[in-house]
Amino acid sequence: MSNKKKKKLTSVQQEYHSFAKKREPQRSVLLNCLRAFLVGGAICLLGQFIQDFFLWNFNFTEKTAGDPTVAVLILLSVILTASGVYDHIAQWAGAGTAVPVTGFANSIASAAIEHRSEGFVLGVGASMFQLAGSVIVFGVFAAFVIALIKTTLAMLGGS
Amino acid sequence: MLHGHQTWVFPNKPAILSTATVGGPFEAEGPLADDFDILHGDLWLGQDSYEKAEKKMLEEACEIAIQKAGLQKQDIQFFLSGDLMNQIISSSFAARTLAMPFLGLYGACSSSMESLALGSLIVDSQSGNYVLCGAVSHNAAVEKQYRYPTEYGSQKPPTAQWTVTGAGVALLGSKGEGPKVTSATIGRVVDMGLTDPFNMGSAMAPAAVDTITAHLRDLRISPGDYDLIATGDLGRVGHRIAGDLLKKHGFEIPEDIFTDCGILIYSEDQPVVLAGGSGCGCSATVAYGHILNRMKKGELKKVLIVATGALLSPLSYQQKESIPCIAHAVSIEYNH
C-alpha cells in the first residue's frame with residue numbers, strides 16, 4: 001500500500017492492517033509467473049501452428065495469415081467461455097490467459113452471456129464491452145499518441 | 001428488553017417453530033448436504049435469470065417452513081427478509097408472492113441474523129404471533145452485481161470467498177416447541193480501512209469481534225457459556241484473524257467451540273471456494289440447517305450465531321471507499 005493511502009488511516013486502522021496482513025495467505029508471485037509463462041506461451045505456440053496451417057494450406061502470406069489465426073483463437077476462446085471452462089483455466093493460469101487475444105475475447109463473451117437476461121439492446125449490446133471497453137479506449141488513444149510522436153520525429157528528421 | 005448497551009434479552013423466549021433451507025449444486029457437494037431441505041442441481045432453477053432463481057429459492061424455503069409448522073400463509077403476521085441484490089429485489093418479490101406484511105432488510109450478509117433478531121423482538125413484545133425471517137443469496141447473481149461476469153477469466157486471490165447459493169428461513173412463534181431465541185446483540189458499523197473486495201474476511205473480522213465482545217459484556221457471560229459460537233462468513237482467513245483478535249482483547253474462545261459457517265459449508269476438496277463461503281445464504285442455511293439440526297439431536301444446547309456483513313457497494317468500491325462492516329449476534333437455546 002502506498003504511503004499516501006496509509007496516512008489517511010488512524011493508528012488503530014494501521015495497526016490492524018499489519019495484524020491482518022500477517023494472517024492472510026499470500027499469492028505466490030513466482031509460481032504465478034511460471035504458470036503465466038507456460039500457459040501464455042502454449043497459447044502463442046498454438047497460434048503459431050494455426051498460422052503455419054493457413055500458410056501451408058491456403059493462399060496466405062506471412063502477413064495476411066495473422067487475421068484468420070486471430071479469428072480461430074477468438075473462436076476457441078469464445079467456445080471455452082460459453083462452455084464454462086475458460087474461467088477455471090484462468091484461475092490456474094492467471095495472466096497467462098488474460099494477456100493474449102483469447103483473454104480479450106473472453107472478457108467480451110463472458111459479459112455478453114452474463115447480460116443476456118436483460119435483453120439484446122439493454123443487456124448484450126450495452127454491456128458486452130463493460131470490461132473490454134477501457135482496453136479499446138486507452139488502446140486507441142495510446143496508438144494515436146504513438147502515431148503523433150512518430151510523425152513528429154519523422155518531420156523533424158526532415159525526410 | 002434492553003440489557004447493557006446494545007443487547008436485547010427476550011424474556012418470553014420466542015420459539016423457532018420450523019426452519020427450511022434450500023441450496024444449489026455446489027452446496028450439494030459440500031459436507032452439509034444432508035442438512036438441506038431442497039438441493040437444486042441446476043443454478044437456474046428452471047428460471048430465465050439468476051435473479052429469478054434467487055427469488056424462487058426464497059419462496060421455496062418460505063413455503064416449506066410454513067408447511068413444516070403446520071400453518072397456512074394467512075397465519076403469518078410478518079415477513080422479514082434480506083438479500084444482496086440491488087434494492088433487495090429477491091426478498092421484495094418473494095414477499096409479493098407470499099402476500100404477507102413485509103419488512104425488507106439490508107445488512108449485507110448479516111441480514112440473516114438481523115431478520116431473526118428483529119423477528120424475535122416482534123414476537124417477544126407480542127406484536128405478532130408468527131413471524132417469518134429469512135435471507136437468500138445466489139452465487140452467480142452476486143458475482144454479476146459485485147464483481148465480474150461469472151465466466152470471466154480472472155484469477156482470484158487465496159483470500160477471496162465463494163458466495164453461497166442458498167436460502168434459509170426460520171418461522172418464529174410466541175409459543176410452541178422448538179429452539180428458543182433468548183437474546184440478540186445489534187452490532188455497530190466497524191471500518192478498519194480495508195478496501196479489497198476479494199478479502200472480505202479480514203474486513204469483517206473486527207466487526208464480528210466487536211459484536212461478540214459487546215454481547216459477552218452486556219450479558220456478563222463468558223464464551224464458555226456457549227456450546228458453539230459461529231460467525232457468519234469470515235472464511236478461513238477472517239476466522240483466524242477474529243480468533244487472534246479476541247485473544248488480544250482477553251476474550252479467548254476455545255477453538256472447539258468457535259467456528260464459521262463459511263468454513264463449515266464447503267469441504268477442503270472444493271478448492272474453487274478459496275477461503276470459504278460467504279453471502280446471506282451462508283449463515284442462514286448453516287444456522288437454520290446444520291446447527292439447529294445438531295441442537296435437535298441434543299449435541300448442542302446453547303449457541304451464538306454472529307452473522308457478519310460487508311456494507312460495500314460496487315460503486316463505493318470503484319470510488320475507492322473502504323469497506324464498512326457489521327455483525328449481529330443471536331443466541332439460541334434448546335433444552336429437551
# chains A, B, ... in the order shown; residues from 1 in each chain; ligands from 1
>>> select_by_dssp(residues="range 26-211 of chain B", states="alpha helix (DSSP H)", output="MDAnalysis selection string")
chainID B and resid 26:28 50:68 89:98 111:124 139:146 200:211
>>> residues_around(residues="range 110-119 of chain A", least_positions_apart="6", cutoff="12 Å", atoms="only C-alpha atoms", output="PyMOL selection string")
(chain A and resi 77-87+102-104+125-133) or (chain B and resi 44+47-52+140-145+147-154)
>>> write_last_selection(atoms="C-alpha atoms", output="compact mmCIF listing (two decimals), in the first residue's frame")
# COMPACT_ATOMS: atom_id res chain seq x y z
CA SER A 77 -11.77 -18.73 -26.54
CA VAL A 78 -15.47 -17.95 -27.00
CA ILE A 79 -16.34 -21.66 -27.18
CA LEU A 80 -14.38 -22.33 -23.98
CA THR A 81 -16.04 -19.34 -22.30
CA ALA A 82 -19.53 -20.40 -23.32
CA SER A 83 -18.94 -23.96 -22.09
CA GLY A 84 -17.80 -22.63 -18.72
CA VAL A 85 -14.19 -23.86 -18.93
CA TYR A 86 -12.23 -20.68 -19.54
CA ASP A 87 -12.65 -19.18 -16.06
CA THR A 102 -8.06 -15.09 -26.00
CA GLY A 103 -8.39 -13.09 -22.76
CA PHE A 104 -9.82 -10.15 -24.65
CA GLY A 125 -25.35 -4.68 -26.68
CA ALA A 126 -24.88 -2.23 -23.83
CA SER A 127 -22.84 -4.40 -21.51
CA MET A 128 -20.60 -6.60 -23.65
CA PHE A 129 -17.77 -4.04 -23.61
CA GLN A 130 -18.01 -3.34 -19.87
CA LEU A 131 -14.59 -4.91 -19.32
CA ALA A 132 -13.09 -4.59 -22.80
CA GLY A 133 -14.23 -1.01 -23.27
CA TRP B 44 -31.03 -21.59 -12.93
CA GLN B 47 -35.91 -19.76 -14.42
CA ASP B 48 -34.62 -17.50 -17.18
CA SER B 49 -32.33 -15.40 -14.98
CA TYR B 50 -30.18 -15.94 -11.89
CA GLU B 51 -32.06 -13.18 -10.09
CA LYS B 52 -35.34 -15.03 -10.62
CA ALA B 140 -23.96 -16.12 -9.98
CA ALA B 141 -26.32 -13.20 -9.27
CA VAL B 142 -23.96 -11.80 -6.64
CA GLU B 143 -20.83 -12.25 -8.77
CA LYS B 144 -22.55 -10.42 -11.61
CA GLN B 145 -23.53 -7.48 -9.42
CA ARG B 147 -17.58 -8.47 -9.30
CA TYR B 148 -17.10 -9.74 -12.83
CA PRO B 149 -19.28 -11.80 -15.18
CA THR B 150 -19.33 -15.41 -13.95
CA GLU B 151 -17.45 -16.75 -16.98
CA TYR B 152 -14.81 -14.01 -16.98
CA GLY B 153 -11.34 -15.46 -16.59
CA SER B 154 -9.61 -13.57 -13.83
>>> closest_residue(among="B:Gly187, B:Gly224, B:Pro271, B:Gly168", to="Glu59 in chain B", atoms="only C-alpha atoms")
B:Gly168
>>> residues_around(residues="Glu27 in chain B", least_positions_apart="5", cutoff="12 Å", atoms="only C-alpha atoms", output="NGL selection string")
:B and (21-22 or 32-43 or 138-139 or 162-167 or 262 or 264-267 or 270 or 273 or 276-278 or 281-282 or 285-286)
>>> write_last_selection(atoms="N, CA and C atoms", output="short mmCIF file (atom, residue, chain, number, x, y, z; two decimals), in the first residue's frame")
data_model
loop_
_atom_site.label_atom_id
_atom_site.label_comp_id
_atom_site.auth_asym_id
_atom_site.auth_seq_id
_atom_site.Cartn_x
_atom_site.Cartn_y
_atom_site.Cartn_z
N THR B 21 -34.25 -24.84 4.55
CA THR B 21 -33.07 -24.40 3.83
C THR B 21 -33.08 -24.98 2.42
N VAL B 22 -32.69 -24.15 1.47
CA VAL B 22 -32.62 -24.56 0.07
C VAL B 22 -31.21 -24.25 -0.42
N LEU B 32 -22.32 -30.48 4.24
CA LEU B 32 -23.58 -30.27 4.95
C LEU B 32 -24.79 -30.57 4.08
N ALA B 33 -24.58 -31.28 2.97
CA ALA B 33 -25.67 -31.53 2.02
C ALA B 33 -26.90 -32.14 2.69
N ASP B 34 -26.70 -33.03 3.67
CA ASP B 34 -27.83 -33.70 4.32
C ASP B 34 -28.69 -32.77 5.15
N ASP B 35 -28.17 -31.60 5.48
CA ASP B 35 -28.92 -30.68 6.33
C ASP B 35 -29.84 -29.75 5.54
N PHE B 36 -29.84 -29.88 4.21
CA PHE B 36 -30.72 -29.03 3.38
C PHE B 36 -32.05 -29.72 3.15
N ASP B 37 -33.12 -28.92 3.05
CA ASP B 37 -34.43 -29.48 2.73
C ASP B 37 -34.55 -29.75 1.23
N ILE B 38 -34.07 -28.80 0.43
CA ILE B 38 -34.07 -29.00 -1.03
C ILE B 38 -32.69 -28.63 -1.55
N LEU B 39 -32.16 -29.45 -2.45
CA LEU B 39 -30.91 -29.11 -3.14
C LEU B 39 -31.19 -29.09 -4.63
N HIS B 40 -30.81 -28.02 -5.29
CA HIS B 40 -31.05 -27.91 -6.73
C HIS B 40 -29.79 -28.27 -7.50
N GLY B 41 -29.97 -29.10 -8.53
CA GLY B 41 -28.82 -29.47 -9.36
C GLY B 41 -28.51 -28.41 -10.40
N ASP B 42 -29.45 -27.50 -10.60
CA ASP B 42 -29.34 -26.51 -11.67
C ASP B 42 -29.33 -25.12 -11.04
N LEU B 43 -28.28 -24.33 -11.38
CA LEU B 43 -28.16 -22.97 -10.83
C LEU B 43 -29.33 -22.08 -11.25
N HIS B 138 -27.42 -15.83 -4.12
CA HIS B 138 -27.19 -16.71 -5.27
C HIS B 138 -25.82 -16.37 -5.84
N ASN B 139 -24.98 -17.39 -5.94
CA ASN B 139 -23.59 -17.15 -6.35
C ASN B 139 -23.48 -16.33 -7.63
N TRP B 162 -16.38 -17.63 -1.76
CA TRP B 162 -17.36 -18.11 -2.72
C TRP B 162 -18.76 -17.87 -2.17
N THR B 163 -19.57 -17.09 -2.90
CA THR B 163 -20.91 -16.79 -2.41
C THR B 163 -21.79 -18.04 -2.45
N VAL B 164 -22.45 -18.30 -1.36
CA VAL B 164 -23.31 -19.47 -1.24
C VAL B 164 -24.60 -19.25 -2.03
N THR B 165 -25.01 -20.29 -2.76
CA THR B 165 -26.32 -20.28 -3.40
C THR B 165 -27.26 -20.97 -2.43
N GLY B 166 -28.08 -20.18 -1.74
CA GLY B 166 -28.95 -20.82 -0.77
C GLY B 166 -29.88 -19.84 -0.10
N ALA B 167 -30.97 -20.40 0.43
CA ALA B 167 -31.93 -19.60 1.17
C ALA B 167 -32.21 -20.30 2.49
N GLY B 262 -18.98 -20.15 6.94
CA GLY B 262 -18.31 -20.16 5.64
C GLY B 262 -17.26 -21.25 5.52
N LEU B 264 -17.65 -24.20 7.41
CA LEU B 264 -18.39 -25.46 7.56
C LEU B 264 -19.05 -25.92 6.26
N ILE B 265 -19.56 -24.97 5.49
CA ILE B 265 -20.45 -25.33 4.37
C ILE B 265 -19.74 -26.05 3.21
N TYR B 266 -18.45 -25.77 3.02
CA TYR B 266 -17.73 -26.43 1.93
C TYR B 266 -16.59 -27.28 2.50
N SER B 267 -16.17 -28.27 1.72
CA SER B 267 -15.08 -29.12 2.20
C SER B 267 -13.76 -28.69 1.56
N GLN B 270 -13.00 -28.80 -2.25
CA GLN B 270 -13.68 -27.90 -3.19
C GLN B 270 -12.80 -26.64 -3.30
N VAL B 273 -13.61 -22.65 -3.82
CA VAL B 273 -14.19 -21.73 -2.83
C VAL B 273 -13.11 -20.88 -2.16
N GLY B 276 -13.37 -19.86 1.64
CA GLY B 276 -14.61 -20.36 2.23
C GLY B 276 -15.85 -19.72 1.64
N GLY B 277 -17.00 -20.01 2.22
CA GLY B 277 -18.26 -19.49 1.72
C GLY B 277 -18.56 -18.09 2.23
N SER B 278 -19.46 -17.38 1.55
CA SER B 278 -19.92 -16.07 2.02
C SER B 278 -21.34 -15.86 1.53
N GLY B 281 -26.96 -16.25 2.29
CA GLY B 281 -27.41 -17.64 2.36
C GLY B 281 -26.47 -18.51 3.17
N CYS B 282 -25.24 -18.05 3.37
CA CYS B 282 -24.23 -18.86 4.07
C CYS B 282 -24.62 -19.06 5.53
N THR B 285 -28.35 -20.70 5.86
CA THR B 285 -28.52 -22.14 5.64
C THR B 285 -27.78 -22.96 6.68
N VAL B 286 -26.58 -22.53 7.07
CA VAL B 286 -25.81 -23.32 8.04
C VAL B 286 -26.47 -23.24 9.42
#
>>> atom_distance(atom1="CA of Glu177 in chain B", atom2="CA of Ala307 in chain B")
24.6 Å
>>> residues_around(residues="Ala15 in chain B", least_positions_apart="3", cutoff="6 Å", atoms="only C-alpha atoms", output="PyMOL selection string")
chain B and resi 172-173+178-180
>>> residues_around(residues="Ala36 in chain A", least_positions_apart="2", cutoff="9 Å", atoms="only C-alpha atoms", output="ChimeraX atom specification")
/A:31-34,38-41,92-98
>>> write_last_selection(atoms="C-alpha atoms", output="short mmCIF file (atom, residue, chain, number, x, y, z; two decimals), in the first residue's frame")
data_model
loop_
_atom_site.label_atom_id
_atom_site.label_comp_id
_atom_site.auth_asym_id
_atom_site.auth_seq_id
_atom_site.Cartn_x
_atom_site.Cartn_y
_atom_site.Cartn_z
CA LEU A 31 4.52 -19.69 -9.19
CA ASN A 32 2.06 -17.33 -10.88
CA CYS A 33 4.79 -16.04 -13.22
CA LEU A 34 5.77 -19.58 -14.12
CA LEU A 38 3.67 -21.74 -19.55
CA VAL A 39 0.02 -21.13 -20.42
CA GLY A 40 0.60 -17.85 -22.27
CA GLY A 41 3.46 -19.47 -24.17
CA TRP A 92 -4.87 -21.58 -12.58
CA ALA A 93 -3.08 -19.65 -15.32
CA GLY A 94 -3.54 -16.06 -14.10
CA ALA A 95 -2.08 -13.58 -16.57
CA GLY A 96 -1.31 -16.45 -18.96
CA THR A 97 -4.87 -16.48 -20.26
CA ALA A 98 -5.59 -12.80 -19.67
#
>>> closest_residue(among="A:Ile136, A:Val29, A:Ala65, A:Leu9", to="chain B", atoms="only C-alpha atoms")
A:Leu9
>>> residues_around(residues="range 11-27 of chain A", least_positions_apart="2", cutoff="7 Å", atoms="only C-alpha atoms", output="MDAnalysis selection string")
(chainID A and resid 9 29) or (chainID B and resid 157:159 192:193 202 237 241)
>>> residues_around(residues="Arg236 in chain B", least_positions_apart="4", cutoff="7 Å", atoms="only C-alpha atoms", output="number ranges by chain")
B: 240, 263, 275-276
>>> write_last_selection(atoms="all heavy atoms", output="JSON list (two decimals), in the first residue's frame")
[["chain", "number", "residue", "atom", "x", "y", "z"],
["B", 240, "ARG", "N", -9.43, -16.89, 11.41],
["B", 240, "ARG", "CA", -8.14, -16.89, 12.12],
["B", 240, "ARG", "C", -7.87, -15.52, 12.74],
["B", 240, "ARG", "O", -7.46, -15.40, 13.89],
["B", 240, "ARG", "CB", -7.04, -17.27, 11.12],
["B", 240, "ARG", "CG", -5.75, -17.51, 11.79],
["B", 240, "ARG", "CD", -4.71, -18.13, 10.86],
["B", 240, "ARG", "NE", -3.42, -17.85, 11.44],
["B", 240, "ARG", "CZ", -2.35, -17.50, 10.76],
["B", 240, "ARG", "NH1", -2.41, -17.39, 9.45],
["B", 240, "ARG", "NH2", -1.22, -17.26, 11.36],
["B", 263, "ILE", "N", -16.74, -21.72, 6.67],
["B", 263, "ILE", "CA", -15.78, -22.82, 6.64],
["B", 263, "ILE", "C", -16.54, -24.15, 6.63],
["B", 263, "ILE", "O", -16.18, -25.08, 5.92],
["B", 263, "ILE", "CB", -14.84, -22.77, 7.87],
["B", 263, "ILE", "CG1", -14.03, -21.48, 7.87],
["B", 263, "ILE", "CG2", -13.91, -23.98, 7.90],
["B", 263, "ILE", "CD1", -13.17, -21.26, 9.11],
["B", 275, "ALA", "N", -11.07, -19.17, 0.27],
["B", 275, "ALA", "CA", -11.06, -19.03, 1.74],
["B", 275, "ALA", "C", -12.34, -19.52, 2.41],
["B", 275, "ALA", "O", -12.40, -19.58, 3.63],
["B", 275, "ALA", "CB", -10.79, -17.58, 2.11],
["B", 276, "GLY", "N", -13.37, -19.86, 1.64],
["B", 276, "GLY", "CA", -14.61, -20.36, 2.23],
["B", 276, "GLY", "C", -15.85, -19.72, 1.64],
["B", 276, "GLY", "O", -15.76, -18.96, 0.69]]
>>> closest_residue(among="A:Ala71, A:Val121, A:Val145, A:Val99", to="chain B", atoms="only C-alpha atoms")
A:Val99
>>> select_by_dssp(residues="range 83-300 of chain B", states="strand (DSSP E or B)", output="ChimeraX atom specification")
/B:83,102-105,107,109,130-137,162-163,166-173,180-185,190,228-231,258-260,277-278
>>> closest_residue(among="B:Leu118, B:Ala95, B:Ile16, B:Leu246", to="Val181 in chain B", atoms="only C-alpha atoms")
B:Ile16
>>> atom_distance(atom1="CA of Phe10 in chain B", atom2="CA of Ala135 in chain B")
21.8 Å
>>> atom_distance(atom1="CA of Thr213 in chain B", atom2="CA of Tyr334 in chain B")
22.9 Å
>>> decode(residues="range 93-104 of chain A", atoms="all heavy atoms", output="PDB file, in the first residue's frame")
ATOM      1  N   ALA A  93      -4.113 -20.243 -14.468  1.00  0.00           N
ATOM      2  CA  ALA A  93      -3.081 -19.646 -15.315  1.00  0.00           C
ATOM      3  C   ALA A  93      -2.796 -18.177 -15.027  1.00  0.00           C
ATOM      4  O   ALA A  93      -1.739 -17.670 -15.360  1.00  0.00           O
ATOM      5  CB  ALA A  93      -3.479 -19.807 -16.777  1.00  0.00           C
ATOM      6  N   GLY A  94      -3.743 -17.475 -14.404  1.00  0.00           N
ATOM      7  CA  GLY A  94      -3.544 -16.057 -14.102  1.00  0.00           C
ATOM      8  C   GLY A  94      -3.385 -15.228 -15.364  1.00  0.00           C
ATOM      9  O   GLY A  94      -4.219 -15.299 -16.269  1.00  0.00           O
ATOM     10  N   ALA A  95      -2.309 -14.466 -15.421  1.00  0.00           N
ATOM     11  CA  ALA A  95      -2.084 -13.581 -16.572  1.00  0.00           C
ATOM     12  C   ALA A  95      -1.876 -14.355 -17.869  1.00  0.00           C
ATOM     13  O   ALA A  95      -2.024 -13.804 -18.956  1.00  0.00           O
ATOM     14  CB  ALA A  95      -0.884 -12.682 -16.298  1.00  0.00           C
ATOM     15  N   GLY A  96      -1.570 -15.632 -17.760  1.00  0.00           N
ATOM     16  CA  GLY A  96      -1.309 -16.448 -18.958  1.00  0.00           C
ATOM     17  C   GLY A  96      -2.476 -16.505 -19.910  1.00  0.00           C
ATOM     18  O   GLY A  96      -2.301 -16.559 -21.136  1.00  0.00           O
ATOM     19  N   THR A  97      -3.702 -16.477 -19.385  1.00  0.00           N
ATOM     20  CA  THR A  97      -4.872 -16.485 -20.256  1.00  0.00           C
ATOM     21  C   THR A  97      -5.462 -15.090 -20.420  1.00  0.00           C
ATOM     22  O   THR A  97      -6.324 -14.876 -21.251  1.00  0.00           O
ATOM     23  CB  THR A  97      -5.980 -17.401 -19.681  1.00  0.00           C
ATOM     24  OG1 THR A  97      -6.158 -17.068 -18.309  1.00  0.00           O
ATOM     25  CG2 THR A  97      -5.614 -18.854 -19.835  1.00  0.00           C
ATOM     26  N   ALA A  98      -5.006 -14.145 -19.604  1.00  0.00           N
ATOM     27  CA  ALA A  98      -5.593 -12.799 -19.665  1.00  0.00           C
ATOM     28  C   ALA A  98      -4.939 -11.949 -20.742  1.00  0.00           C
ATOM     29  O   ALA A  98      -5.599 -11.154 -21.401  1.00  0.00           O
ATOM     30  CB  ALA A  98      -5.465 -12.110 -18.309  1.00  0.00           C
ATOM     31  N   VAL A  99      -3.627 -12.113 -20.930  1.00  0.00           N
ATOM     32  CA  VAL A  99      -2.895 -11.217 -21.819  1.00  0.00           C
ATOM     33  C   VAL A  99      -3.114 -11.503 -23.313  1.00  0.00           C
ATOM     34  O   VAL A  99      -3.372 -10.580 -24.077  1.00  0.00           O
ATOM     35  CB  VAL A  99      -1.392 -11.199 -21.446  1.00  0.00           C
ATOM     36  CG1 VAL A  99      -0.595 -10.385 -22.440  1.00  0.00           C
ATOM     37  CG2 VAL A  99      -1.212 -10.635 -20.038  1.00  0.00           C
ATOM     38  N   PRO A 100      -3.049 -12.753 -23.770  1.00  0.00           N
ATOM     39  CA  PRO A 100      -3.236 -12.977 -25.215  1.00  0.00           C
ATOM     40  C   PRO A 100      -4.636 -12.588 -25.684  1.00  0.00           C
ATOM     41  O   PRO A 100      -5.512 -12.304 -24.859  1.00  0.00           O
ATOM     42  CB  PRO A 100      -3.030 -14.487 -25.367  1.00  0.00           C
ATOM     43  CG  PRO A 100      -2.362 -14.943 -24.137  1.00  0.00           C
ATOM     44  CD  PRO A 100      -2.793 -14.012 -23.065  1.00  0.00           C
ATOM     45  N   VAL A 101      -4.838 -12.609 -26.983  1.00  0.00           N
ATOM     46  CA  VAL A 101      -6.113 -12.197 -27.586  1.00  0.00           C
ATOM     47  C   VAL A 101      -7.284 -13.027 -27.037  1.00  0.00           C
ATOM     48  O   VAL A 101      -8.417 -12.569 -26.980  1.00  0.00           O
ATOM     49  CB  VAL A 101      -6.019 -12.291 -29.138  1.00  0.00           C
ATOM     50  CG1 VAL A 101      -5.916 -13.732 -29.602  1.00  0.00           C
ATOM     51  CG2 VAL A 101      -7.202 -11.606 -29.790  1.00  0.00           C
ATOM     52  N   THR A 102      -6.997 -14.240 -26.557  1.00  0.00           N
ATOM     53  CA  THR A 102      -8.056 -15.091 -26.001  1.00  0.00           C
ATOM     54  C   THR A 102      -8.685 -14.448 -24.762  1.00  0.00           C
ATOM     55  O   THR A 102      -9.883 -14.574 -24.531  1.00  0.00           O
ATOM     56  CB  THR A 102      -7.479 -16.462 -25.601  1.00  0.00           C
ATOM     57  OG1 THR A 102      -6.323 -16.246 -24.783  1.00  0.00           O
ATOM     58  CG2 THR A 102      -7.096 -17.278 -26.806  1.00  0.00           C
ATOM     59  N   GLY A 103      -7.885 -13.756 -23.969  1.00  0.00           N
ATOM     60  CA  GLY A 103      -8.389 -13.090 -22.764  1.00  0.00           C
ATOM     61  C   GLY A 103      -9.326 -11.959 -23.115  1.00  0.00           C
ATOM     62  O   GLY A 103     -10.350 -11.764 -22.463  1.00  0.00           O
ATOM     63  N   PHE A 104      -8.988 -11.250 -24.179  1.00  0.00           N
ATOM     64  CA  PHE A 104      -9.823 -10.149 -24.651  1.00  0.00           C
ATOM     65  C   PHE A 104     -11.172 -10.687 -25.133  1.00  0.00           C
ATOM     66  O   PHE A 104     -12.230 -10.149 -24.800  1.00  0.00           O
ATOM     67  CB  PHE A 104      -9.082  -9.433 -25.778  1.00  0.00           C
ATOM     68  CG  PHE A 104      -9.692  -8.128 -26.179  1.00  0.00           C
ATOM     69  CD1 PHE A 104      -9.648  -7.042 -25.316  1.00  0.00           C
ATOM     70  CD2 PHE A 104     -10.300  -7.980 -27.409  1.00  0.00           C
ATOM     71  CE1 PHE A 104     -10.215  -5.837 -25.680  1.00  0.00           C
ATOM     72  CE2 PHE A 104     -10.869  -6.775 -27.776  1.00  0.00           C
ATOM     73  CZ  PHE A 104     -10.823  -5.700 -26.906  1.00  0.00           C
TER      74      PHE A 104
END
